[in-house]
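> Below is the file protein-v2.csv, with CSV, C-alpha atoms and all ligand atoms.
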```
chain,number,residue,atom,x,y,z
A,8,MET,CA,14.0,-14.5,6.7
A,9,ALA,CA,14.6,-11.4,4.7
A,10,ARG,CA,17.9,-12.8,3.5
A,11,THR,CA,16.5,-16.0,2.0
A,12,ALA,CA,13.9,-14.0,0.1
A,13,ASN,CA,16.6,-11.6,-1.2
A,14,GLY,CA,18.6,-14.6,-2.3
A,15,GLY,CA,15.7,-15.8,-4.2
A,16,PHE,CA,15.3,-12.5,-6.1
A,17,ASP,CA,19.0,-12.2,-6.9
A,18,ARG,CA,19.6,-15.4,-8.8
A,19,GLY,CA,18.6,-16.2,-12.3
A,20,GLY,CA,19.2,-12.8,-13.8
A,21,GLY,CA,15.6,-11.8,-13.2
A,22,SER,CA,14.3,-13.1,-16.5
A,23,ALA,CA,12.6,-16.1,-14.9
A,24,TYR,CA,10.2,-14.1,-12.7
A,25,HIS,CA,9.8,-11.1,-15.1
A,26,CYS,CA,8.2,-13.4,-17.6
A,27,ALA,CA,6.2,-15.5,-15.2
A,28,PRO,CA,2.5,-14.7,-15.6
A,29,MET,CA,1.7,-15.8,-12.1
A,30,LEU,CA,3.7,-14.4,-9.2
A,31,THR,CA,4.2,-16.6,-6.3
A,32,THR,CA,7.2,-15.0,-4.6
A,33,ARG,CA,6.5,-13.8,-1.1
A,34,LEU,CA,8.1,-10.4,-0.3
A,35,PRO,CA,10.0,-10.2,3.0
A,36,SER,CA,8.7,-7.8,5.6
A,37,ARG,CA,12.1,-6.2,6.0
A,38,VAL,CA,14.8,-5.5,3.5
A,39,GLU,CA,18.2,-3.8,3.3
A,40,PRO,CA,17.3,-1.0,0.9
A,41,TYR,CA,20.8,0.6,0.5
A,42,LYS,CA,22.2,-2.6,-0.9
A,43,LEU,CA,19.2,-3.1,-3.1
A,44,ALA,CA,19.6,0.5,-4.4
A,45,ALA,CA,23.3,0.0,-5.0
A,46,ARG,CA,22.5,-3.0,-7.1
A,47,SER,CA,19.5,-1.5,-8.9
A,48,GLU,CA,17.4,-4.4,-7.8
A,49,ARG,CA,13.8,-5.1,-8.4
A,50,LEU,CA,11.6,-6.9,-5.8
A,51,GLU,CA,8.4,-8.2,-7.2
A,52,GLY,CA,6.0,-10.5,-5.4
A,53,LEU,CA,3.1,-10.9,-3.1
A,54,MET,CA,2.2,-9.8,0.4
A,55,ALA,CA,-0.7,-11.2,2.4
A,56,LEU,CA,-3.4,-8.6,2.9
A,57,ALA,CA,-4.2,-10.3,6.3
A,58,ASP,CA,-0.8,-9.0,7.5
A,59,PHE,CA,-1.8,-5.4,7.3
A,60,ALA,CA,-3.3,-4.6,10.7
A,61,ARG,CA,-3.9,-0.9,10.1
A,62,LEU,CA,-5.6,-1.6,6.8
A,63,ALA,CA,-8.0,-3.9,8.7
A,64,GLU,CA,-8.7,-1.2,11.2
A,65,GLU,CA,-9.7,1.2,8.4
A,66,VAL,CA,-11.7,-1.0,6.1
A,67,GLY,CA,-12.2,-4.3,7.9
A,68,PRO,CA,-10.4,-7.7,7.6
A,69,GLN,CA,-9.0,-8.6,4.1
A,70,SER,CA,-7.9,-11.8,2.6
A,71,GLY,CA,-5.9,-12.6,-0.5
A,72,ASP,CA,-2.7,-11.0,-1.7
A,73,LEU,CA,-1.3,-7.7,-2.6
A,74,ARG,CA,0.8,-7.7,-5.7
A,75,VAL,CA,3.8,-5.4,-5.4
A,76,SER,CA,6.8,-4.4,-7.5
A,77,LEU,CA,9.6,-2.2,-6.2
A,78,ASP,CA,12.5,-0.9,-8.2
A,79,PHE,CA,15.4,0.2,-6.0
A,80,ALA,CA,17.9,2.7,-7.5
A,81,ILE,CA,20.3,5.5,-7.0
A,82,ASP,CA,19.1,8.4,-9.1
A,83,ALA,CA,21.1,11.1,-11.0
A,84,GLN,CA,21.2,13.3,-7.9
A,85,GLY,CA,22.6,10.5,-5.8
A,86,ARG,CA,19.3,9.9,-4.0
A,87,ARG,CA,18.3,6.4,-3.1
A,88,VAL,CA,14.9,5.9,-4.4
A,89,ILE,CA,12.2,3.3,-4.8
A,90,ARG,CA,9.7,3.3,-7.7
A,91,GLY,CA,6.8,1.2,-6.7
A,92,ARG,CA,3.6,-0.2,-7.9
A,93,LEU,CA,0.9,-2.1,-6.0
A,94,GLU,CA,-2.3,-3.8,-6.9
A,95,ALA,CA,-5.0,-5.6,-5.0
A,96,GLU,CA,-8.6,-6.7,-4.8
A,97,LEU,CA,-10.0,-5.4,-1.6
A,98,GLN,CA,-13.4,-5.7,0.2
A,99,LEU,CA,-14.3,-2.2,1.1
A,100,PRO,CA,-17.3,-1.2,3.2
A,101,CYS,CA,-20.1,0.6,1.3
A,102,ARG,CA,-20.5,4.0,2.9
A,103,ARG,CA,-24.3,3.6,2.9
A,104,CYS,CA,-24.9,0.1,4.1
A,105,LEU,CA,-21.4,-0.8,5.4
A,106,SER,CA,-21.4,-4.2,3.9
A,107,PRO,CA,-18.2,-5.1,2.0
A,108,MET,CA,-17.9,-4.6,-1.8
A,109,ALA,CA,-15.1,-5.7,-4.1
A,110,GLN,CA,-12.8,-2.9,-5.2
A,111,HIS,CA,-9.8,-3.1,-7.4
A,112,VAL,CA,-7.1,-0.8,-6.0
A,113,GLU,CA,-3.8,0.1,-7.6
A,114,SER,CA,-1.2,2.8,-7.3
A,115,GLU,CA,2.2,3.9,-8.3
A,116,PHE,CA,4.6,5.8,-6.0
A,117,LEU,CA,8.1,7.2,-5.8
A,118,LEU,CA,9.8,7.0,-2.5
A,119,GLY,CA,13.0,8.7,-1.3
A,120,MET,CA,15.0,7.0,1.4
A,121,VAL,CA,16.0,9.2,4.4
A,122,ALA,CA,17.9,8.3,7.5
A,123,SER,CA,16.0,10.7,9.7
A,124,ASP,CA,12.8,12.7,9.7
A,125,ASP,CA,14.8,16.0,9.4
A,126,LEU,CA,16.2,14.9,6.1
A,127,ALA,CA,12.7,14.2,4.7
A,128,ALA,CA,12.3,18.0,4.3
A,129,GLU,CA,15.2,18.0,1.7
A,130,LEU,CA,13.4,15.7,-0.6
A,131,PRO,CA,11.6,17.2,-3.6
A,132,SER,CA,7.8,17.1,-3.3
A,133,THR,CA,7.7,14.4,-6.0
A,134,HIS,CA,9.2,11.9,-3.5
A,135,GLU,CA,7.5,10.5,-0.4
A,136,PRO,CA,10.0,10.0,2.4
A,137,VAL,CA,10.6,6.6,3.8
A,138,LEU,CA,12.7,6.2,6.9
A,139,VAL,CA,15.6,3.8,6.8
A,140,GLU,CA,16.9,2.8,10.2
A,141,ASP,CA,20.0,0.7,10.8
A,142,GLU,CA,20.1,0.2,7.0
A,143,GLN,CA,16.8,-1.6,7.3
A,144,LEU,CA,13.5,-0.8,5.7
A,145,ASN,CA,10.2,-2.2,7.1
A,146,LEU,CA,8.6,-3.1,3.8
A,147,LEU,CA,5.4,-4.1,5.5
A,148,THR,CA,4.9,-0.6,6.9
A,149,VAL,CA,5.9,1.1,3.8
A,150,VAL,CA,3.7,-0.9,1.5
A,151,GLU,CA,0.8,-0.7,3.9
A,152,ASP,CA,1.1,3.1,4.0
A,153,GLU,CA,0.9,3.2,0.2
A,154,LEU,CA,-2.0,0.9,0.1
A,155,ILE,CA,-4.0,3.0,2.6
A,156,LEU,CA,-3.2,6.1,0.6
A,157,SER,CA,-4.5,4.5,-2.5
A,158,LEU,CA,-7.9,3.6,-1.0
A,159,PRO,CA,-10.8,5.2,-2.7
A,160,GLN,CA,-12.2,7.8,-0.3
A,161,VAL,CA,-15.8,6.7,-0.6
A,162,VAL,CA,-17.4,3.6,-2.1
A,163,TYR,CA,-21.1,2.9,-2.6
A,164,HIS,CA,-23.0,0.0,-4.0
A,165,GLU,CA,-25.2,0.8,-7.0
A,166,GLU,CA,-28.5,1.8,-5.5
A,167,ALA,CA,-30.3,-1.4,-6.6
A,168,ASP,CA,-27.6,-3.5,-4.9
A,169,CYS,CA,-27.4,-1.6,-1.7
A,170,GLU,CA,-28.9,-2.8,1.5
A,171,VAL,CA,-29.8,0.8,2.5
A,172,SER,CA,-32.4,2.2,0.1
A,173,ARG,CA,-32.8,5.9,-0.7
A,174,ASP,CA,-36.0,5.9,1.3
A,175,GLN,CA,-34.3,4.9,4.5
A,176,LEU,CA,-31.6,7.4,3.9
A,177,THR,CA,-34.0,10.3,3.6
A,178,SER,CA,-36.0,9.2,6.5
A,179,GLY,CA,-32.9,9.4,8.6
A,180,GLU,CA,-32.5,5.8,9.7
A,181,GLY,CA,-29.8,4.9,7.2
A,182,ALA,CA,-28.3,8.3,7.2
A,183,ALA,CA,-27.3,7.9,10.8
A,184,ALA,CA,-25.5,4.7,10.0
A,185,SER,CA,-23.7,6.2,7.0
A,186,GLN,CA,-22.3,9.1,9.0
A,187,GLU,CA,-20.5,6.9,11.5
A,188,PRO,CA,-16.8,7.7,11.4
A,189,ALA,CA,-16.5,4.1,10.3
A,190,ALA,CA,-14.1,3.8,7.4
A,191,SER,CA,-11.9,6.8,7.8
A,192,PRO,CA,-9.3,6.7,5.1
A,193,PHE,CA,-9.6,10.5,5.4
A,194,ASP,CA,-7.9,10.6,8.7
A,195,VAL,CA,-5.2,8.3,7.8
A,196,LEU,CA,-4.7,10.3,4.6
A,197,LYS,CA,-4.3,13.5,6.5
A,198,HIS,CA,-1.9,11.9,8.9
A,199,LEU,CA,0.3,10.5,6.2
A,200,LYS,CA,0.2,13.7,4.1
A,201,GLY,CA,1.1,15.7,7.2
A,202,LYS,CA,4.4,13.8,7.4
A,203,SER,CA,5.6,14.8,4.0
A,301,ZN,ZN,-24.4,-0.6,0.2
```
Using structure tokens, write down the structure from this file.

Amino acid sequence: MARTANGGFDRGGGSAYHCAPMLTTRLPSRVEPYKLAARSERLEGLMALADFARLAEEVGPQSGDLRVSLDFAIDAQGRRVIRGRLEAELQLPCRRCLSPMAQHVESEFLLGMVASDDLAAELPSTHEPVLVEDEQLNLLTVVEDELILSLPQVVYHEEADCEVSRDQLTSGEGAAASQEPAASPFDVLKHLKGKS
């Protein structure tokens, strides 16, 4: 499956999809990153938000697509790197009333490929390590990590739009609900940061 998708990216010299205003290409869930880096390839396309199980655990089920572009390269120091960008419209739970609200999320990131966790320590702090095993990279995991890292830490409705009014909050009823561990991008964030 990854191969057919790669083949699709390779042909046509890139200009066809670079100019296309609407992306419809589906990114594969696994790629061969060393080859892509050696050829300085760019992968650009969509991934279904519904495929991200950990994201759903954090902020509830999502629909629609994530838009991703990944530039694979070998840098001047000989490191294999990926410069990436992602963008999506998510439905994130309001911290007060917990009902979903639309949020635009985007981020840019720089990844350094490593063949083992030990080697991650040798990367400069500007690079986030990504583990390449058997010359394969799990794109789904990598992109999901980045998406979770890019979540806003807290989102609230405007007071007028929120189902929990300020009165309820101060009387304690709503406050209890809002302190549920609920959406905890914090914990995930800590976990991910701890790795680097
Ligand atoms: Zn609300």
> What is the atom CA of A:Ala60 to atom CA of A:Leu147 distance in Å?
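Interatomic distance, atom CA of A:Ala60 to atom CA of A:Leu147: 10.1 Å.
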> Kindly work out which residues sit at most 8 Å from ligand ZN 301 (chain A), using all atoms listed in the file, and give the list as a list in words.
Pro100, Cys101, Arg102, Arg103, Cys104, Leu105, Ser106, Pro107, Met108, Tyr163, His164, Glu165, Glu166, Asp168, Cys169, Glu170 and Val171 of chain A
> Under the rule that all atoms listed in the file are counted, which of A:Leu146, A:Leu130, A:Leu156, A:Ala80 is the nearest residue to A:Phe116?
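Closest to A:Phe116, using all atoms listed in the file: A:Leu156.
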> Using all atoms listed in the file for the distances, tell me which of A:Gln160, A:Ser172, A:Ser47, A:Thr32 is nearest to A:Ile89.
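Closest candidate: A:Ser47.
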> Suppose you want the space between atom CA of A:Tyr41 and atom CA of A:Ile81; what is it in Å?
9.0 Å
> Tell me, in Å to one decimal, how far atom CA of A:Met54 is from atom CA of A:Ser70.
10.5 Å
> A:Leu56: which residues within 7 Å, counting only C-alpha atoms, same-chain residues fewer than 4 positions away excluded, as a PyMOL selection string?
chain A and resi 69-73
> Which neighbours of A:Val139 fall inside 7 Å, counting only C-alpha atoms, when residues of the same chain fewer than 6 positions from it are skipped, and could you give them as an mmCIF file with C-alpha atoms, keeping the file's coordinate frame?

```
data_model
loop_
_atom_site.group_PDB
_atom_site.id
_atom_site.type_symbol
_atom_site.label_atom_id
_atom_site.label_comp_id
_atom_site.auth_asym_id
_atom_site.auth_seq_id
_atom_site.Cartn_x
_atom_site.Cartn_y
_atom_site.Cartn_z
ATOM 1 C CA MET A 120 15.000 7.000 1.400
ATOM 2 C CA VAL A 121 16.000 9.200 4.400
ATOM 3 C CA ALA A 122 17.900 8.300 7.500
#
```
> Check the smallest atom-to-atom distance from each of A:Glu94, A:Glu64, A:Glu51, A:Asp58 to A:Ser157 using only C-alpha atoms, then report the winner.
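Going through A:Glu94, A:Glu64, A:Glu51, A:Asp58 one by one, the smallest distance to A:Ser157 is for A:Glu94.
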> As a list in words, please: the residues near A:Ala109 (cut-off 9 Å, all atoms listed in the file, same-chain neighbours under 3 positions excluded).
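The filter keeps Glu96, Leu97, Gln98, Leu99 and Pro100 of chain A.
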> With all atoms listed in the file as the basis for distance, which of A:Arg46, A:Leu62, A:Gln84, A:Leu158 is at the shortest distance from A:Pro131?
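Closest candidate: A:Gln84.
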> Between A:Ser76, A:Ser123, A:Asn145, A:Ser132, which residue has the minimum interatomic distance to A:Pro40, considering only C-alpha atoms?
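Among A:Ser76, A:Ser123, A:Asn145, A:Ser132, it is A:Asn145 that comes nearest to A:Pro40.
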> Measuring atom to atom with all atoms listed in the file, identify which of A:Val112, A:Leu34, A:Ala127, A:Leu50 is nearest to A:Arg90.
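Nearest candidate to A:Arg90 out of A:Val112, A:Leu34, A:Ala127, A:Leu50: A:Leu50.
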